[in-house]
Amino acid sequence: MKIAVLGCGAIGGLFLGYLSKEEKDVLGIVKDYQKKPLAEEGLVIEGQRGVHKIEVKVDTELREKVDLAIFATKTGDLKGIIEKNKECLKEAYVVSTQNGIRADHILAEYFKKEKIITSIVMFGATFYAPNRVVHNFEGELVLGNIFSEKAEGLNRPEEVLSSCFPIKKIENIKGAKYLKLFINLNNCIPAVLGLSMQEAFSDINCAKLAIQINREAYEVVKKSSITLESLPSYPKERIESLVTMPINEAAGLFSKIIISLSKEPLYGSILQSIKRGRSSEIDYINGEISRIASDNKIEAPLNSKIVDLVHKVEENKSFLSKEELLEEMEA
């Protein structure tokens with residue numbers, strides 16, 4: 001099976017590295033600046049599974065057909081990378097790894113729905129350009145199809161992916177995708193501050209803001225008749241409990257959970273994009289809550305406001321202090 005990993009930052013880097021380590025026939029499609037360091041020096045992965053320097057095959061575009069394509073770009077970059085490589089992707093099974101559900105709908109514009117493998121990434125990583133990835137914490141790779149299509153011939157792709165990560169399959173993966181959205185909603189706060197997750201949420205006021213954002217999102221989802229589905233290591237009752245308990249208690253618990261996630265600094269995907277001077281996926285995370293709210297004529301001022309603040313940070317390349325953030329969110 002010929003495999004391509006399109007986009008080799010944090011999550012894509014783990015796929016490329018671990019599949020290469022397992023001696024799979026895998027090619028990483030990378031940015032121009034990554035090609036030479038990865039080809040000459042290899043990919044360094046450190047963290048949960050020790051330190052590995054892995055020889056990888058990379059290029060800036062596909063030059064032959066592949067059987068399995070793992071898309072690990074940001075959602076906003078999906079169309080561009082598909083268009084550039086579509087001749088070599090015609091027969092491939094395609095895997096979405098992005099947060100939110102928009103990526104799968106974009107893939108459906110180009111590929112048959114039964115060829116789309118929806119995935120939810122429950123492990124975490126940080127990318128240090130051009131060729132180093134820290135594997136911050138372990139977790140499952142959850143698979144399904146948000147269109148409820150019965151895909152045929154998936155045994156081989158699943159077998160390949162299971163060589164690197166524990167696989168779990170969920171029928172209502174759309175509901176699980178929305179639950180995963182709650183885990184990602186909190187990335188916006190460290191992104192605006194330019195801090196690690198641990199630094200941001202050691203401040204109880206920032207933790208309270210995270211709970212308020214989650215409470216608002218939960219009400220939007222509930223009023224929009226979206227059915228959440230539990231993830232293998234994150235039952236839906238956890239978010240339900242967090243948004244209903246007293247805010248001081250919830251914020252204290254949330255702070256402890258985040259601080260204990262990893263010994264290495266955790267930089268969420270939104271901040272990682274900002275630091276690389278690229279547009280983040282905020283529109284597909286907190287912006288997804290704003291979109292659902294708008295479609296159902298519901299107010300979501302906190303999530304809408306934080307989306308605006310992230311875009312301002314992207315544009316101005318200047319982070320806010322904790323005091324400035326809290327003041328902006330109260331305005």
# chains A, B, ... in the order shown; residues from 1 in each chain; ligands from 1

$ residues_around --residues "A:Leu161" --least-positions-apart "5" --cutoff "9 Å" --atoms "only C-alpha atoms" --output "VMD selection string"
chain A and resid 15 19 141 156 166 to 167

$ closest_atom_pairs --of "stretch 236-305 of chain A" --to "stretch 93-108 of chain A" --cutoff "9 Å" --atoms "only C-alpha atoms" --output "CSV"
residue,atom,partner,partner_atom,distance
A:Glu281,CA,A:Asn99,CA,8.1
A:Tyr284,CA,A:Gly100,CA,5.8
A:Ile285,CA,A:Gly100,CA,5.9
A:Glu288,CA,A:Gly100,CA,7.3

$ write_last_selection --atoms "N, CA and C atoms" --output "short mmCIF file (atom, residue, chain, number, x, y, z; two decimals), in the first residue's frame"
data_model
loop_
_atom_site.label_atom_id
_atom_site.label_comp_id
_atom_site.auth_asym_id
_atom_site.auth_seq_id
_atom_site.Cartn_x
_atom_site.Cartn_y
_atom_site.Cartn_z
N GLU A 281 -6.75 27.67 12.54
CA GLU A 281 -8.02 26.98 12.28
C GLU A 281 -9.13 27.48 13.20
N TYR A 284 -12.75 27.13 12.33
CA TYR A 284 -13.31 25.79 12.28
C TYR A 284 -13.45 25.18 13.68
N ILE A 285 -13.08 25.96 14.71
CA ILE A 285 -13.22 25.48 16.09
C ILE A 285 -14.23 26.36 16.81
N GLU A 288 -16.83 27.46 14.47
CA GLU A 288 -17.88 26.48 14.19
C GLU A 288 -19.06 26.66 15.14
#

$ select_by_dssp --residues "stretch 67-285 of chain A" --states "helix (DSSP H, G or I)" --output "compact mmCIF listing (two decimals) with C-alpha atoms, in the first residue's frame"
# COMPACT_ATOMS: atom_id res chain seq x y z
CA THR A 75 -8.59 22.87 7.11
CA GLY A 76 -8.01 26.14 5.25
CA ASP A 77 -5.16 24.56 3.26
CA LEU A 78 -7.06 21.44 2.20
CA LYS A 79 -8.39 22.60 -1.15
CA GLY A 80 -5.01 23.89 -2.26
CA ILE A 81 -3.13 20.69 -1.51
CA ILE A 82 -5.88 18.52 -3.07
CA GLU A 83 -5.87 20.60 -6.27
CA LYS A 84 -2.09 20.38 -6.50
CA ASN A 85 -2.05 16.59 -6.14
CA LYS A 86 -5.49 15.44 -7.32
CA GLU A 87 -4.24 13.41 -10.30
CA CYS A 88 -2.37 11.10 -7.93
CA ARG A 102 -15.63 21.10 7.79
CA ALA A 103 -12.64 19.12 6.49
CA ASP A 104 -14.77 16.08 5.70
CA HIS A 105 -17.21 18.21 3.71
CA ILE A 106 -14.32 19.69 1.73
CA LEU A 107 -13.00 16.18 1.00
CA ALA A 108 -16.50 15.21 -0.17
CA LYS A 113 -18.07 9.68 0.50
CA GLU A 114 -17.41 5.96 0.93
CA LYS A 115 -13.71 6.65 0.30
CA ASN A 155 -9.32 -3.47 6.48
CA ARG A 156 -5.95 -2.71 4.92
CA PRO A 157 -5.90 1.05 5.73
CA GLU A 158 -7.01 0.28 9.29
CA GLU A 159 -4.31 -2.36 9.63
CA VAL A 160 -1.66 0.10 8.43
CA LEU A 161 -2.77 2.85 10.81
CA SER A 162 -3.04 0.45 13.74
CA ILE A 173 -18.42 9.84 14.66
CA LYS A 174 -20.13 13.12 13.79
CA GLY A 175 -21.32 13.39 17.39
CA ALA A 176 -17.85 12.41 18.59
CA LYS A 177 -16.32 15.09 16.35
CA TYR A 178 -18.49 17.68 18.05
CA LEU A 179 -17.41 16.38 21.46
CA LYS A 180 -13.76 16.65 20.41
CA LEU A 181 -14.52 20.26 19.47
CA PHE A 182 -14.96 21.01 23.18
CA ILE A 183 -11.41 19.79 23.86
CA ASN A 184 -10.11 22.14 21.15
CA LEU A 185 -12.22 25.16 22.12
CA ASN A 186 -9.69 26.01 24.83
CA ASN A 187 -6.78 26.45 22.40
CA CYS A 188 -7.96 29.98 21.65
CA ILE A 189 -6.95 31.44 25.03
CA PRO A 190 -3.24 30.45 25.00
CA ALA A 191 -3.17 31.51 21.33
CA VAL A 192 -4.26 35.06 22.16
CA LEU A 193 -1.76 35.20 25.04
CA MET A 197 -1.52 25.69 27.72
CA GLN A 198 0.06 25.14 31.12
CA GLU A 199 1.14 28.78 31.50
CA ALA A 200 -2.25 30.13 30.45
CA PHE A 201 -4.44 27.87 32.57
CA ILE A 204 -7.55 30.61 37.52
CA ASN A 205 -9.17 33.58 35.75
CA CYS A 206 -8.12 32.19 32.36
CA ALA A 207 -9.46 28.81 33.44
CA LYS A 208 -12.79 30.45 34.35
CA LEU A 209 -12.92 32.06 30.90
CA ALA A 210 -12.38 28.65 29.31
CA ILE A 211 -15.30 27.24 31.31
CA GLN A 212 -17.52 30.15 30.25
CA ILE A 213 -16.63 29.57 26.58
CA ASN A 214 -17.41 25.86 26.97
CA ARG A 215 -20.70 26.58 28.75
CA GLU A 216 -21.82 28.84 25.94
CA ALA A 217 -20.78 26.27 23.31
CA TYR A 218 -22.61 23.50 25.16
CA GLU A 219 -25.84 25.52 25.20
CA VAL A 220 -25.50 26.23 21.48
CA VAL A 221 -24.97 22.54 20.68
CA LYS A 222 -27.82 21.47 22.96
CA LYS A 223 -30.29 23.98 21.51
CA LYS A 236 -19.50 13.02 27.02
CA GLU A 237 -20.50 13.12 30.68
CA ARG A 238 -17.17 14.78 31.42
CA ILE A 239 -17.98 17.94 29.48
CA GLU A 240 -21.57 17.86 30.76
CA SER A 241 -20.27 17.77 34.33
CA LEU A 242 -17.68 20.49 33.71
CA VAL A 243 -20.20 22.98 32.29
CA THR A 244 -22.79 22.39 35.01
CA ILE A 247 -17.61 27.80 38.00
CA ASN A 248 -14.88 28.08 40.65
CA GLU A 249 -14.90 24.31 41.14
CA ALA A 250 -14.94 23.71 37.38
CA ALA A 251 -12.10 26.16 36.75
CA GLY A 252 -9.94 24.62 39.47
CA LEU A 253 -10.46 21.12 38.10
CA PHE A 254 -9.85 22.24 34.52
CA SER A 255 -6.61 23.99 35.52
CA LYS A 256 -5.28 20.86 37.23
CA ILE A 257 -6.13 18.68 34.23
CA ILE A 258 -4.34 20.93 31.74
CA ILE A 259 -1.24 21.40 33.89
CA SER A 269 -2.61 24.07 17.14
CA ILE A 270 -3.89 27.64 16.86
CA LEU A 271 -0.82 29.16 18.53
CA GLN A 272 1.52 26.89 16.55
CA SER A 273 0.03 28.31 13.34
CA ILE A 274 0.32 31.90 14.56
CA LYS A 275 3.96 31.42 15.51
CA ILE A 282 -9.96 29.20 14.71
CA ASP A 283 -12.83 29.57 12.21
CA TYR A 284 -13.31 25.79 12.28

$ closest_residue --among "A:Val142, A:Ile117, A:Ile11, A:Leu68" --to "A:Ser233" --atoms "only C-alpha atoms"
A:Val142

$ residues_around --residues "A:Leu6" --least-positions-apart "2" --cutoff "8 Å" --atoms "only C-alpha atoms" --output "PDB file with N, CA and C atoms, in the first residue's frame"
ATOM      1  N   ALA A   4       0.544   8.415   1.426  1.00  0.00           N
ATOM      2  CA  ALA A   4       1.034   9.792   1.426  1.00  0.00           C
ATOM      3  C   ALA A   4       0.506  10.497   2.665  1.00  0.00           C
ATOM      4  N   CYS A   8       3.127  17.872   6.988  1.00  0.00           N
ATOM      5  CA  CYS A   8       3.943  17.158   7.984  1.00  0.00           C
ATOM      6  C   CYS A   8       4.425  18.104   9.079  1.00  0.00           C
ATOM      7  N   GLY A  12       0.870  15.396  11.385  1.00  0.00           N
ATOM      8  CA  GLY A  12       1.383  14.768  10.170  1.00  0.00           C
ATOM      9  C   GLY A  12       2.782  14.218  10.361  1.00  0.00           C
ATOM     10  N   GLY A  28       6.062  11.784   2.622  1.00  0.00           N
ATOM     11  CA  GLY A  28       5.552  13.003   3.225  1.00  0.00           C
ATOM     12  C   GLY A  28       5.553  14.142   2.222  1.00  0.00           C
ATOM     13  N   ILE A  29       4.413  14.806   2.077  1.00  0.00           N
ATOM     14  CA  ILE A  29       4.326  15.989   1.218  1.00  0.00           C
ATOM     15  C   ILE A  29       4.490  17.206   2.119  1.00  0.00           C
ATOM     16  N   VAL A  30       5.582  17.919   1.918  1.00  0.00           N
ATOM     17  CA  VAL A  30       6.018  18.929   2.880  1.00  0.00           C
ATOM     18  C   VAL A  30       6.174  20.297   2.218  1.00  0.00           C
ATOM     19  N   ALA A  69      -4.259   8.339   1.471  1.00  0.00           N
ATOM     20  CA  ALA A  69      -3.787   9.715   1.656  1.00  0.00           C
ATOM     21  C   ALA A  69      -4.268  10.234   3.002  1.00  0.00           C
ATOM     22  N   ILE A  70      -3.319  10.597   3.852  1.00  0.00           N
ATOM     23  CA  ILE A  70      -3.632  11.139   5.180  1.00  0.00           C
ATOM     24  C   ILE A  70      -3.445  12.645   5.117  1.00  0.00           C
ATOM     25  N   PHE A  71      -4.542  13.383   5.230  1.00  0.00           N
ATOM     26  CA  PHE A  71      -4.470  14.837   5.156  1.00  0.00           C
ATOM     27  C   PHE A  71      -4.256  15.412   6.556  1.00  0.00           C
ATOM     28  N   ALA A  72      -3.104  16.052   6.745  1.00  0.00           N
ATOM     29  CA  ALA A  72      -2.775  16.607   8.055  1.00  0.00           C
ATOM     30  C   ALA A  72      -2.445  18.094   7.963  1.00  0.00           C
ATOM     31  N   THR A  73      -2.953  18.745   6.927  1.00  0.00           N
ATOM     32  CA  THR A  73      -2.843  20.196   6.830  1.00  0.00           C
ATOM     33  C   THR A  73      -3.938  20.838   7.690  1.00  0.00           C
ATOM     34  N   ILE A  81      -3.994  21.872  -1.406  1.00  0.00           N
ATOM     35  CA  ILE A  81      -3.131  20.690  -1.512  1.00  0.00           C
ATOM     36  C   ILE A  81      -3.821  19.572  -2.295  1.00  0.00           C
TER      37      ILE A  81
END

$ closest_residue --among "A:Leu16, A:Ala10, A:Ile146, A:Ala39" --to "A:Gly124" --atoms "only C-alpha atoms"
A:Ala10

$ closest_residue --among "A:Ile116, A:Ile45, A:Ala129, A:Ala300" --to "A:Arg276" --atoms "only C-alpha atoms"
A:Ala129

$ atom_distance --atom1 "atom CA of A:Ser321" --atom2 "atom CA of A:Asn303"
18.7 Å

$ residues_around --residues "A:Lys65" --least-positions-apart "6" --cutoff "8 Å" --atoms "only C-alpha atoms" --output "PDB file with N, CA and C atoms, in the first residue's frame"
ATOM      1  N   LYS A   2       0.695   2.079  -1.017  1.00  0.00           N
ATOM      2  CA  LYS A   2       1.432   3.340  -1.096  1.00  0.00           C
ATOM      3  C   LYS A   2       0.666   4.403  -0.305  1.00  0.00           C
ATOM      4  N   GLU A  87      -4.429  14.467  -9.306  1.00  0.00           N
ATOM      5  CA  GLU A  87      -4.245  13.408 -10.300  1.00  0.00           C
ATOM      6  C   GLU A  87      -3.707  12.126  -9.672  1.00  0.00           C
ATOM      7  N   CYS A  88      -2.963  12.273  -8.589  1.00  0.00           N
ATOM      8  CA  CYS A  88      -2.375  11.104  -7.927  1.00  0.00           C
ATOM      9  C   CYS A  88      -3.241  10.586  -6.784  1.00  0.00           C
ATOM     10  N   LEU A  89      -4.388  11.234  -6.554  1.00  0.00           N
ATOM     11  CA  LEU A  89      -5.248  10.877  -5.425  1.00  0.00           C
ATOM     12  C   LEU A  89      -6.557  10.217  -5.846  1.00  0.00           C
ATOM     13  N   LYS A  90      -6.745  10.050  -7.159  1.00  0.00           N
ATOM     14  CA  LYS A  90      -8.054   9.633  -7.676  1.00  0.00           C
ATOM     15  C   LYS A  90      -8.567   8.326  -7.097  1.00  0.00           C
ATOM     16  N   GLU A  91      -7.688   7.362  -6.870  1.00  0.00           N
ATOM     17  CA  GLU A  91      -8.116   6.040  -6.412  1.00  0.00           C
ATOM     18  C   GLU A  91      -7.905   5.832  -4.910  1.00  0.00           C
ATOM     19  N   ALA A  92      -7.470   6.862  -4.227  1.00  0.00           N
ATOM     20  CA  ALA A  92      -7.043   6.698  -2.830  1.00  0.00           C
ATOM     21  C   ALA A  92      -8.203   6.741  -1.838  1.00  0.00           C
TER      22      ALA A  92
END

$ decode --residues "stretch 153-286 of chain A" --atoms "C-alpha atoms" --output "PDB file, in the first residue's frame"
ATOM      1  CA  GLY A 153     -12.048  -2.484   1.630  1.00  0.00           C
ATOM      2  CA  LEU A 154     -11.022  -0.561   4.746  1.00  0.00           C
ATOM      3  CA  ASN A 155      -9.320  -3.468   6.483  1.00  0.00           C
ATOM      4  CA  ARG A 156      -5.949  -2.711   4.917  1.00  0.00           C
ATOM      5  CA  PRO A 157      -5.903   1.051   5.726  1.00  0.00           C
ATOM      6  CA  GLU A 158      -7.008   0.284   9.290  1.00  0.00           C
ATOM      7  CA  GLU A 159      -4.311  -2.355   9.632  1.00  0.00           C
ATOM      8  CA  VAL A 160      -1.663   0.096   8.427  1.00  0.00           C
ATOM      9  CA  LEU A 161      -2.769   2.853  10.806  1.00  0.00           C
ATOM     10  CA  SER A 162      -3.041   0.448  13.743  1.00  0.00           C
ATOM     11  CA  SER A 163       0.683  -0.239  13.447  1.00  0.00           C
ATOM     12  CA  CYS A 164       1.260   3.258  14.843  1.00  0.00           C
ATOM     13  CA  PHE A 165      -1.743   4.128  17.006  1.00  0.00           C
ATOM     14  CA  PRO A 166      -4.498   2.241  18.862  1.00  0.00           C
ATOM     15  CA  ILE A 167      -7.596   2.291  16.642  1.00  0.00           C
ATOM     16  CA  LYS A 168     -11.174   2.720  17.836  1.00  0.00           C
ATOM     17  CA  LYS A 169     -14.213   2.807  15.565  1.00  0.00           C
ATOM     18  CA  ILE A 170     -17.336   4.849  16.315  1.00  0.00           C
ATOM     19  CA  GLU A 171     -20.568   4.742  14.324  1.00  0.00           C
ATOM     20  CA  ASN A 172     -21.768   8.219  15.349  1.00  0.00           C
ATOM     21  CA  ILE A 173     -18.418   9.837  14.661  1.00  0.00           C
ATOM     22  CA  LYS A 174     -20.126  13.117  13.795  1.00  0.00           C
ATOM     23  CA  GLY A 175     -21.322  13.388  17.393  1.00  0.00           C
ATOM     24  CA  ALA A 176     -17.852  12.410  18.586  1.00  0.00           C
ATOM     25  CA  LYS A 177     -16.322  15.093  16.349  1.00  0.00           C
ATOM     26  CA  TYR A 178     -18.490  17.683  18.055  1.00  0.00           C
ATOM     27  CA  LEU A 179     -17.414  16.379  21.456  1.00  0.00           C
ATOM     28  CA  LYS A 180     -13.759  16.647  20.406  1.00  0.00           C
ATOM     29  CA  LEU A 181     -14.524  20.258  19.466  1.00  0.00           C
ATOM     30  CA  PHE A 182     -14.958  21.010  23.179  1.00  0.00           C
ATOM     31  CA  ILE A 183     -11.410  19.790  23.859  1.00  0.00           C
ATOM     32  CA  ASN A 184     -10.113  22.135  21.148  1.00  0.00           C
ATOM     33  CA  LEU A 185     -12.217  25.158  22.125  1.00  0.00           C
ATOM     34  CA  ASN A 186      -9.693  26.010  24.827  1.00  0.00           C
ATOM     35  CA  ASN A 187      -6.778  26.454  22.396  1.00  0.00           C
ATOM     36  CA  CYS A 188      -7.961  29.981  21.655  1.00  0.00           C
ATOM     37  CA  ILE A 189      -6.949  31.438  25.031  1.00  0.00           C
ATOM     38  CA  PRO A 190      -3.235  30.454  25.003  1.00  0.00           C
ATOM     39  CA  ALA A 191      -3.171  31.508  21.332  1.00  0.00           C
ATOM     40  CA  VAL A 192      -4.255  35.060  22.157  1.00  0.00           C
ATOM     41  CA  LEU A 193      -1.759  35.195  25.037  1.00  0.00           C
ATOM     42  CA  GLY A 194       1.151  33.569  23.197  1.00  0.00           C
ATOM     43  CA  LEU A 195       1.594  31.110  26.078  1.00  0.00           C
ATOM     44  CA  SER A 196       1.674  27.374  26.542  1.00  0.00           C
ATOM     45  CA  MET A 197      -1.520  25.689  27.720  1.00  0.00           C
ATOM     46  CA  GLN A 198       0.059  25.137  31.124  1.00  0.00           C
ATOM     47  CA  GLU A 199       1.141  28.780  31.503  1.00  0.00           C
ATOM     48  CA  ALA A 200      -2.246  30.126  30.450  1.00  0.00           C
ATOM     49  CA  PHE A 201      -4.442  27.869  32.567  1.00  0.00           C
ATOM     50  CA  SER A 202      -2.362  27.987  35.719  1.00  0.00           C
ATOM     51  CA  ASP A 203      -4.141  31.363  36.018  1.00  0.00           C
ATOM     52  CA  ILE A 204      -7.554  30.615  37.524  1.00  0.00           C
ATOM     53  CA  ASN A 205      -9.173  33.576  35.745  1.00  0.00           C
ATOM     54  CA  CYS A 206      -8.117  32.189  32.364  1.00  0.00           C
ATOM     55  CA  ALA A 207      -9.464  28.809  33.440  1.00  0.00           C
ATOM     56  CA  LYS A 208     -12.788  30.452  34.352  1.00  0.00           C
ATOM     57  CA  LEU A 209     -12.920  32.061  30.903  1.00  0.00           C
ATOM     58  CA  ALA A 210     -12.377  28.650  29.314  1.00  0.00           C
ATOM     59  CA  ILE A 211     -15.298  27.236  31.313  1.00  0.00           C
ATOM     60  CA  GLN A 212     -17.521  30.154  30.246  1.00  0.00           C
ATOM     61  CA  ILE A 213     -16.627  29.574  26.579  1.00  0.00           C
ATOM     62  CA  ASN A 214     -17.409  25.864  26.970  1.00  0.00           C
ATOM     63  CA  ARG A 215     -20.702  26.576  28.750  1.00  0.00           C
ATOM     64  CA  GLU A 216     -21.821  28.839  25.936  1.00  0.00           C
ATOM     65  CA  ALA A 217     -20.778  26.269  23.306  1.00  0.00           C
ATOM     66  CA  TYR A 218     -22.607  23.497  25.156  1.00  0.00           C
ATOM     67  CA  GLU A 219     -25.838  25.515  25.204  1.00  0.00           C
ATOM     68  CA  VAL A 220     -25.499  26.225  21.478  1.00  0.00           C
ATOM     69  CA  VAL A 221     -24.968  22.539  20.677  1.00  0.00           C
ATOM     70  CA  LYS A 222     -27.821  21.467  22.962  1.00  0.00           C
ATOM     71  CA  LYS A 223     -30.286  23.982  21.509  1.00  0.00           C
ATOM     72  CA  SER A 224     -29.253  22.964  17.975  1.00  0.00           C
ATOM     73  CA  SER A 225     -30.245  19.322  18.631  1.00  0.00           C
ATOM     74  CA  ILE A 226     -26.731  17.988  18.038  1.00  0.00           C
ATOM     75  CA  THR A 227     -26.219  14.638  19.767  1.00  0.00           C
ATOM     76  CA  LEU A 228     -22.779  14.346  21.337  1.00  0.00           C
ATOM     77  CA  GLU A 229     -21.063  10.953  21.312  1.00  0.00           C
ATOM     78  CA  SER A 230     -18.521   9.758  23.871  1.00  0.00           C
ATOM     79  CA  LEU A 231     -14.915   9.232  22.835  1.00  0.00           C
ATOM     80  CA  PRO A 232     -12.961   6.187  24.110  1.00  0.00           C
ATOM     81  CA  SER A 233     -10.936   8.225  26.608  1.00  0.00           C
ATOM     82  CA  TYR A 234     -13.312  11.177  26.980  1.00  0.00           C
ATOM     83  CA  PRO A 235     -16.932  10.365  27.901  1.00  0.00           C
ATOM     84  CA  LYS A 236     -19.500  13.022  27.019  1.00  0.00           C
ATOM     85  CA  GLU A 237     -20.499  13.121  30.685  1.00  0.00           C
ATOM     86  CA  ARG A 238     -17.169  14.783  31.419  1.00  0.00           C
ATOM     87  CA  ILE A 239     -17.982  17.941  29.485  1.00  0.00           C
ATOM     88  CA  GLU A 240     -21.573  17.858  30.757  1.00  0.00           C
ATOM     89  CA  SER A 241     -20.269  17.769  34.326  1.00  0.00           C
ATOM     90  CA  LEU A 242     -17.681  20.487  33.707  1.00  0.00           C
ATOM     91  CA  VAL A 243     -20.202  22.978  32.292  1.00  0.00           C
ATOM     92  CA  THR A 244     -22.793  22.392  35.007  1.00  0.00           C
ATOM     93  CA  MET A 245     -20.717  22.422  38.211  1.00  0.00           C
ATOM     94  CA  PRO A 246     -20.028  25.728  40.050  1.00  0.00           C
ATOM     95  CA  ILE A 247     -17.610  27.800  38.002  1.00  0.00           C
ATOM     96  CA  ASN A 248     -14.884  28.082  40.654  1.00  0.00           C
ATOM     97  CA  GLU A 249     -14.896  24.314  41.139  1.00  0.00           C
ATOM     98  CA  ALA A 250     -14.936  23.705  37.377  1.00  0.00           C
ATOM     99  CA  ALA A 251     -12.096  26.160  36.746  1.00  0.00           C
ATOM    100  CA  GLY A 252      -9.941  24.617  39.466  1.00  0.00           C
ATOM    101  CA  LEU A 253     -10.458  21.122  38.095  1.00  0.00           C
ATOM    102  CA  PHE A 254      -9.846  22.244  34.518  1.00  0.00           C
ATOM    103  CA  SER A 255      -6.611  23.994  35.516  1.00  0.00           C
ATOM    104  CA  LYS A 256      -5.279  20.856  37.230  1.00  0.00           C
ATOM    105  CA  ILE A 257      -6.128  18.676  34.233  1.00  0.00           C
ATOM    106  CA  ILE A 258      -4.337  20.934  31.740  1.00  0.00           C
ATOM    107  CA  ILE A 259      -1.238  21.403  33.891  1.00  0.00           C
ATOM    108  CA  SER A 260      -0.856  17.634  34.295  1.00  0.00           C
ATOM    109  CA  LEU A 261      -1.280  16.753  30.605  1.00  0.00           C
ATOM    110  CA  SER A 262       2.391  16.953  29.648  1.00  0.00           C
ATOM    111  CA  LYS A 263       5.775  17.728  31.178  1.00  0.00           C
ATOM    112  CA  GLU A 264       6.709  19.463  27.932  1.00  0.00           C
ATOM    113  CA  PRO A 265       5.060  22.835  27.153  1.00  0.00           C
ATOM    114  CA  LEU A 266       1.846  22.279  25.200  1.00  0.00           C
ATOM    115  CA  TYR A 267       1.267  24.779  22.414  1.00  0.00           C
ATOM    116  CA  GLY A 268      -2.169  24.333  20.898  1.00  0.00           C
ATOM    117  CA  SER A 269      -2.607  24.065  17.145  1.00  0.00           C
ATOM    118  CA  ILE A 270      -3.890  27.644  16.860  1.00  0.00           C
ATOM    119  CA  LEU A 271      -0.824  29.157  18.535  1.00  0.00           C
ATOM    120  CA  GLN A 272       1.516  26.891  16.554  1.00  0.00           C
ATOM    121  CA  SER A 273       0.033  28.308  13.337  1.00  0.00           C
ATOM    122  CA  ILE A 274       0.321  31.898  14.555  1.00  0.00           C
ATOM    123  CA  LYS A 275       3.965  31.420  15.509  1.00  0.00           C
ATOM    124  CA  ARG A 276       4.691  30.148  12.004  1.00  0.00           C
ATOM    125  CA  GLY A 277       2.977  33.199  10.495  1.00  0.00           C
ATOM    126  CA  ARG A 278       0.106  31.149   9.094  1.00  0.00           C
ATOM    127  CA  SER A 279      -3.668  31.452   9.371  1.00  0.00           C
ATOM    128  CA  SER A 280      -5.011  29.318  12.203  1.00  0.00           C
ATOM    129  CA  GLU A 281      -8.021  26.983  12.280  1.00  0.00           C
ATOM    130  CA  ILE A 282      -9.962  29.201  14.709  1.00  0.00           C
ATOM    131  CA  ASP A 283     -12.830  29.567  12.205  1.00  0.00           C
ATOM    132  CA  TYR A 284     -13.314  25.789  12.285  1.00  0.00           C
ATOM    133  CA  ILE A 285     -13.220  25.475  16.091  1.00  0.00           C
ATOM    134  CA  ASN A 286     -14.757  28.360  18.055  1.00  0.00           C
TER     135      ASN A 286
END
